[in-house]
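Comments concern the structure below.
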Amino acid sequence: MATNPPVNEDPVKTAAPRRPGNQAPEMCLACGTCAAGCPLTGQDGFDPRKIVRLVLLEREQELIASDLPWLCTLCGKCEYACPMGINIVNIVRTLRGRVARDKVPGMIHKGVALCRQTGNNLGLPAEDFEFIITDVAEELAAEEEFADFKIAFDKPEANLLHTLHNKLVNTQNEDLVHWWKIFHVAGEDFTIPRENWEGVNWGLFSGDDEAMQLSVGRIVTHMEQLEIQNLMYPE
Ligand code: SF4
Ligand code: SF4
């Protein structure tokens, strides 16, 4: 079932977080530099300057009801180019967070809900995950130069914690093998968590702060408990 975000009555123009160096949307010059730098300007009426203007006018419900916040890739080019440092990315993300969860497009919210319950966006049980990873590792070990390759799950004090993009577990196992070949040749001491291994934070993309924090917290917990200093984060 879709869990809607907590109600925040503040207008998006004040509620959207600002990073160091950001300024409030009131400082917008309407210069259009953001629109010139955005790869999506003109696509289905998308224009970051328009988004900033509508937010300034507190017409955010129009944006929330539209597809516009979901067209953005959150790449940040607009914000990088903006001479006033307007917090455009967090404006878009805050708009997304105000969309009812059953209106979040595509599979993103379903993935968030599964990740909350199971620790990964696929809803894969730990034993199935371990079976897939071990199977792919054994295939690699069948190659002569990788004969001693093995996956270490939850290894304390490894050099690197290897979280995974769910698609590498689901459909693109061969891309895992590319990483592992590099690690093996480089002598990298890495480990994969048996549970809560998801490295794709769809709470970030869907504007769900709580889910985002939960996913980040799980990774931090792994690193603290296993005493690992370095993280491979696939996004
Ligand atoms: S680049 Fe910045 S100042 Fe110029 S229109 Fe865009 S948000 Fe406003
Ligand atoms: S963050 Fe969104 S609005 Fe800004 S440049 Fe990227 S796609 Fe365009």
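Letters A, B, ... mark the chains of the structure tokens in the order given; residue numbers begin at 1 per chain; ligand numbers begin at 1, in order shown.
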- Message: Show me which residues line ligand 1, defined as having an atom within 12 Å of a ligand atom where only C-alpha atoms and all ligand atoms count, and present them as an MDAnalysis selection string.
- Response: chainID A and resid 22:38 41 47:56 76:89 91:92
Restricting the output to C-alpha atoms, write the selected residues as a tab-separated table (two decimals), in the first residue's frame.
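Ended up saving to again_3.tsv:
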```
chain	number	residue	atom	x	y	z
A	22	ASN	CA	22.20	28.17	-2.50
A	23	GLN	CA	19.87	31.14	-2.41
A	24	ALA	CA	16.09	31.30	-2.08
A	25	PRO	CA	13.99	31.38	-5.28
A	26	GLU	CA	13.05	35.01	-4.54
A	27	MET	CA	16.55	35.86	-5.80
A	28	CYS	CA	15.78	34.48	-9.29
A	29	LEU	CA	16.54	36.97	-12.06
A	30	ALA	CA	14.41	35.15	-14.65
A	31	CYS	CA	17.54	35.17	-16.81
A	32	GLY	CA	16.93	31.73	-18.31
A	33	THR	CA	20.49	30.46	-17.86
A	34	CYS	CA	19.09	27.39	-16.12
A	35	ALA	CA	16.80	26.67	-19.06
A	36	ALA	CA	19.69	27.08	-21.51
A	37	GLY	CA	21.76	24.54	-19.57
A	38	CYS	CA	19.03	21.99	-18.97
A	41	THR	CA	14.19	22.28	-21.78
A	47	ASP	CA	11.62	24.51	-18.37
A	48	PRO	CA	13.38	24.92	-14.99
A	49	ARG	CA	12.81	28.68	-15.06
A	50	LYS	CA	9.07	28.02	-15.31
A	51	ILE	CA	9.24	25.70	-12.32
A	52	VAL	CA	11.02	28.34	-10.25
A	53	ARG	CA	8.48	30.99	-11.30
A	54	LEU	CA	5.45	28.85	-10.44
A	55	VAL	CA	6.96	27.96	-7.07
A	56	LEU	CA	7.61	31.64	-6.39
A	76	GLY	CA	21.96	19.70	-11.34
A	77	LYS	CA	23.27	21.40	-14.51
A	78	CYS	CA	20.71	24.18	-14.10
A	79	GLU	CA	21.80	24.89	-10.55
A	80	TYR	CA	25.47	24.81	-11.51
A	81	ALA	CA	24.80	27.37	-14.27
A	82	CYS	CA	22.47	29.61	-12.28
A	83	PRO	CA	24.20	32.92	-11.48
A	84	MET	CA	22.13	33.30	-8.31
A	85	GLY	CA	22.61	29.77	-6.97
A	86	ILE	CA	18.88	29.04	-6.74
A	87	ASN	CA	18.15	25.64	-5.15
A	88	ILE	CA	16.43	24.26	-8.26
A	89	VAL	CA	17.21	20.58	-7.66
A	91	ILE	CA	12.74	22.53	-5.40
A	92	VAL	CA	12.04	19.74	-7.88
```
- Message: Set the distance at 12 Å and use only C-alpha atoms: which residues neighbour A:Thr171 once local chain neighbours fewer than 5 positions away are removed? I'd like the list as number ranges by chain.
- Response: A: 122, 132, 136, 165-166, 176
Write the selection just made, keeping C-alpha atoms, as a PDB file, in the first residue's frame?
```pdb
ATOM      1  CA  LEU A 122      13.467  -6.125  -5.881  1.00  0.00           C
ATOM      2  CA  ILE A 132      22.509 -15.562  -7.319  1.00  0.00           C
ATOM      3  CA  VAL A 136      27.697 -15.688 -10.727  1.00  0.00           C
ATOM      4  CA  HIS A 165      22.475  -1.735  -8.192  1.00  0.00           C
ATOM      5  CA  ASN A 166      19.445  -4.030  -8.235  1.00  0.00           C
ATOM      6  CA  LEU A 176      28.889  -7.588 -11.923  1.00  0.00           C
TER       7      LEU A 176
END
```
- Query: If you measure from atom CA of A:Arg116 to atom CA of A:Val220, what distance in Å do you get, rounded to one decimal?
  - Reply: 15.7 Å
- Message: One decimal, in Å: what's the spacing between atom CA of A:Asp148 and atom CA of A:Val177?
- Response: 14.2 Å
- Item | DSSP alpha helix (DSSP H) selection over stretch 27-57 of chain A, as a ChimeraX atom specification | /A:33-37,48-56
- Query: Taking only C-alpha atoms and all ligand atoms into account, which of A:Trp197, A:Tyr233, A:Phe205, A:Phe149 comes nearest ligand 2?
  - Reply: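 Looking at the shortest contact to ligand 2, the residue is A:Phe205.
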- Message: I need the residue nearest A:Ala158 from this list: A:Glu143, A:Glu127, A:Glu174, A:Glu224. Use only C-alpha atoms for the distance.
- Response: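 Between A:Glu143, A:Glu127, A:Glu174, A:Glu224, the residue approaching A:Ala158 most closely is A:Glu224.
Taking atom CA of A:His222 and atom CA of A:Leu164 as the two end points, the separation is 13.6 Å.
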- Message: List as a ChimeraX atom specification the protein and nucleic acid residues near A:Val185, meaning an atom at most 10 Å away when only C-alpha atoms are counted, but skip any in the same chain fewer than 3 places from it.
- Response: /A:145-146,180-182,188
Got time to write the residues from that selection, N, CA and C atoms, as a PDB file, in the first residue's frame?
```pdb
ATOM      1  N   GLU A 145      42.077 -17.863 -15.071  1.00  0.00           N
ATOM      2  CA  GLU A 145      42.820 -16.817 -14.340  1.00  0.00           C
ATOM      3  C   GLU A 145      42.070 -16.285 -13.119  1.00  0.00           C
ATOM      4  N   PHE A 146      40.801 -16.702 -12.966  1.00  0.00           N
ATOM      5  CA  PHE A 146      40.037 -16.251 -11.791  1.00  0.00           C
ATOM      6  C   PHE A 146      39.642 -17.436 -10.909  1.00  0.00           C
ATOM      7  N   TRP A 180      34.026  -7.388 -10.730  1.00  0.00           N
ATOM      8  CA  TRP A 180      34.773  -8.379  -9.952  1.00  0.00           C
ATOM      9  C   TRP A 180      36.109  -8.720 -10.592  1.00  0.00           C
ATOM     10  N   LYS A 181      36.148  -8.713 -11.913  1.00  0.00           N
ATOM     11  CA  LYS A 181      37.429  -8.972 -12.587  1.00  0.00           C
ATOM     12  C   LYS A 181      38.438  -7.875 -12.230  1.00  0.00           C
ATOM     13  N   ILE A 182      37.959  -6.648 -12.255  1.00  0.00           N
ATOM     14  CA  ILE A 182      38.851  -5.528 -11.906  1.00  0.00           C
ATOM     15  C   ILE A 182      39.315  -5.668 -10.460  1.00  0.00           C
ATOM     16  N   GLU A 188      41.729  -6.196  -4.703  1.00  0.00           N
ATOM     17  CA  GLU A 188      40.836  -5.447  -3.794  1.00  0.00           C
ATOM     18  C   GLU A 188      40.203  -6.384  -2.773  1.00  0.00           C
TER      19      GLU A 188
END
```
- Message: For A:Glu60, find every residue with an atom within 12 Å (counting only C-alpha atoms), except residues of its own chain fewer than 2 positions away, and show them as a PyMOL selection string.
- Response: chain A and resi 9-16+50-58+62-66+68-69+91-92+94-99
